[in-house]
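Colleague: Quick one: this structure, given as structure tokens, is what I'll be asking you about.
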Amino acid sequence: MKQVNVKTMRAVPQNGGDMYDCIVIGAGIAGAVAARKLAEEKGKRVLVMERRPHIGGNCYDEKDAHGILIHNYGPHIFHTGLEEVFAYLSRFTDWYLFGHEVVAKVGDQLIPVPFNLNTLHMVYGKEKADRLEQKLIETYGEGSRVPIMKLRENEDADIREIAQYVYENVFLYYTMKQWGQKPEEISPEVTGRVPVLISYDNRYFQDKYQGVPANGFTEMFEKMLSHPGITVECGTDCLSRMRFADNEIYFDGEKFDGDVIYTGALDELFACRYGRLPYRSLDFRFEHYDGASYQGHSVVNYTVNEDFTRITEFKFLTGQKDTDGTTIVKEYPFAYTGAEGEIPYYAILNEENQALYEKYRALTAGMEHFHLLGRLAEYRYYNIDAMVKRAMELADRL
């Protein structure tokens, strides 16, 4: 596969490791931010190798056959309260900013998610809803985000009633579909992301900034990687050019002493020698319809019925107008097996899996210039902004 400089789109000859000071494996948000900072601020010659045929990782987007900008790997909404992260990404994109709202289909109703005070008044009559609202505010404080599992532990029968409604109608079946487990078996790091919000704010996130790049994530990545010091090679598995053995790193058959940032699945780097790390994957099924809208919302969660977890209608995320119909995607979760075409999306966090991950991480401990960065490499969950910040910090340290 030819190496391609993103800025000039010209072929770059392969002359071995002496051409590069750093190698970044993966052109998603972690790799792209790290590569840009190393090239721009440290004057490093950086090679970015990406196994997929495109940059952008799971944030990759493109226009479909109908001219509608879709997110190929499911909806991604950037949200942050970190000023330095927003400022950094804003160098490479303008923004379509909006307050992201999600609803859940429960029976014939579409109710706001997370469950909030608006939802409370939709579910209960006014007198009871007013009384329950007062109890929630007195107990937890206005504006609080209370994890559903914590709410279920409250000794007050009324609060437990709210918790049970949310648990059964919003949380339980959705969680079992998404993770293939009961909520009690899932890490608190995951269940804590499904709170009851004691507020009338219908937004899914409460961060200061939220939205998507005005012209798409892919264009933002293209601008970020367009630097004379960065060479991008797509469609190449790093193991076709690299070897990791005896605490040494080899590139094109020669010892490589520069820094290597790895953002891929750590078990796959070592041929899953201790067994495969468990992940959940997703099957995306795209559909196009005539008419102005399919569901009138950007995201509708199906928390009780249906095999899929949610439907995303992209034009409500991107702000596109005057489109040829509308495009949606349905998401069907399943257990990742490593089969061709499957993508590991969500690490299944528990003590057993963490112990397995640590065995793989130990294999890298002797490689002084080898750095793990990102959801897959670190076997944990990151929002986009947290990943950007971590990549910026790593690049600053090198």
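Letters A, B, ... go to the chains of the structure tokens in the order shown; residues in each chain start at 1; ligands are counted from 1 in the same order.
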With only C-alpha atoms as the counted atoms, please give the residues lying no more than 7 Å from Ala377 (chain A), apart from itself and same-chain residues fewer than 6 positions off, as a count of residues only.
Modeller: 5
Colleague: Out of region 1-120 of chain A, which residues get strand (DSSP E or B) from DSSP, as a PyMOL selection string?
Modeller: chain A and resi 3-4+11-12+22-25+46-50+61-63+69-71+78-80+95-97+101-106+109-113+115
Colleague: Excluding region 111-123 of chain A and residues on its chain fewer than 3 positions from it, collect all residues at most 8 Å away from it, counting only C-alpha atoms, and give them as a compact mmCIF listing (two decimals) with N, CA and C atoms, in the first residue's frame.
Modeller:
# COMPACT_ATOMS: atom_id res chain seq x y z
N GLU A 101 -30.52 15.99 22.15
CA GLU A 101 -31.61 15.41 22.92
C GLU A 101 -31.92 14.00 22.42
N VAL A 102 -32.20 13.12 23.37
CA VAL A 102 -32.53 11.73 23.07
C VAL A 102 -33.87 11.42 23.73
N VAL A 103 -34.71 10.64 23.05
CA VAL A 103 -35.96 10.18 23.64
C VAL A 103 -35.98 8.66 23.60
N ALA A 104 -36.77 8.08 24.50
CA ALA A 104 -36.96 6.64 24.54
C ALA A 104 -38.40 6.32 24.22
N LYS A 105 -38.62 5.28 23.44
CA LYS A 105 -39.98 4.84 23.13
C LYS A 105 -40.44 3.85 24.19
N VAL A 106 -41.37 4.29 25.00
CA VAL A 106 -41.93 3.44 26.06
C VAL A 106 -43.43 3.37 25.82
N LYS A 126 -50.19 15.30 37.85
CA LYS A 126 -49.55 16.52 38.35
C LYS A 126 -49.32 16.49 39.86
N ALA A 129 -46.63 13.95 40.68
CA ALA A 129 -45.36 14.37 40.10
C ALA A 129 -44.76 15.53 40.89
N ASP A 130 -45.60 16.49 41.31
CA ASP A 130 -45.10 17.62 42.10
C ASP A 130 -44.50 17.13 43.42
N GLU A 133 -41.23 15.27 42.70
CA GLU A 133 -40.19 16.23 42.33
C GLU A 133 -39.58 16.87 43.56
N VAL A 166 -37.94 3.67 36.09
CA VAL A 166 -36.82 3.92 35.18
C VAL A 166 -36.08 2.62 34.89
N VAL A 194 -25.91 6.19 33.10
CA VAL A 194 -27.36 6.21 32.88
C VAL A 194 -28.02 6.76 34.14
N PRO A 195 -28.03 8.08 34.30
CA PRO A 195 -28.54 8.67 35.54
C PRO A 195 -30.00 9.07 35.43
N VAL A 196 -30.56 9.44 36.57
CA VAL A 196 -31.79 10.23 36.62
C VAL A 196 -31.33 11.67 36.86
N LEU A 197 -31.79 12.58 36.01
CA LEU A 197 -31.35 13.97 36.05
C LEU A 197 -32.42 14.80 36.75
N ILE A 198 -32.06 15.40 37.86
CA ILE A 198 -33.03 16.18 38.65
C ILE A 198 -33.01 17.61 38.15
N SER A 199 -33.62 17.77 36.98
CA SER A 199 -33.59 19.03 36.27
C SER A 199 -34.64 18.98 35.16
N TYR A 200 -35.00 20.16 34.63
CA TYR A 200 -35.90 20.22 33.46
C TYR A 200 -35.11 20.33 32.16
N ASP A 201 -33.83 20.07 32.22
CA ASP A 201 -32.96 20.12 31.05
C ASP A 201 -33.11 18.82 30.26
N ASN A 202 -33.65 18.91 29.04
CA ASN A 202 -33.86 17.71 28.22
C ASN A 202 -32.62 17.26 27.46
N TYR A 204 -29.19 15.53 26.49
CA TYR A 204 -28.57 14.27 26.91
C TYR A 204 -27.27 14.54 27.66
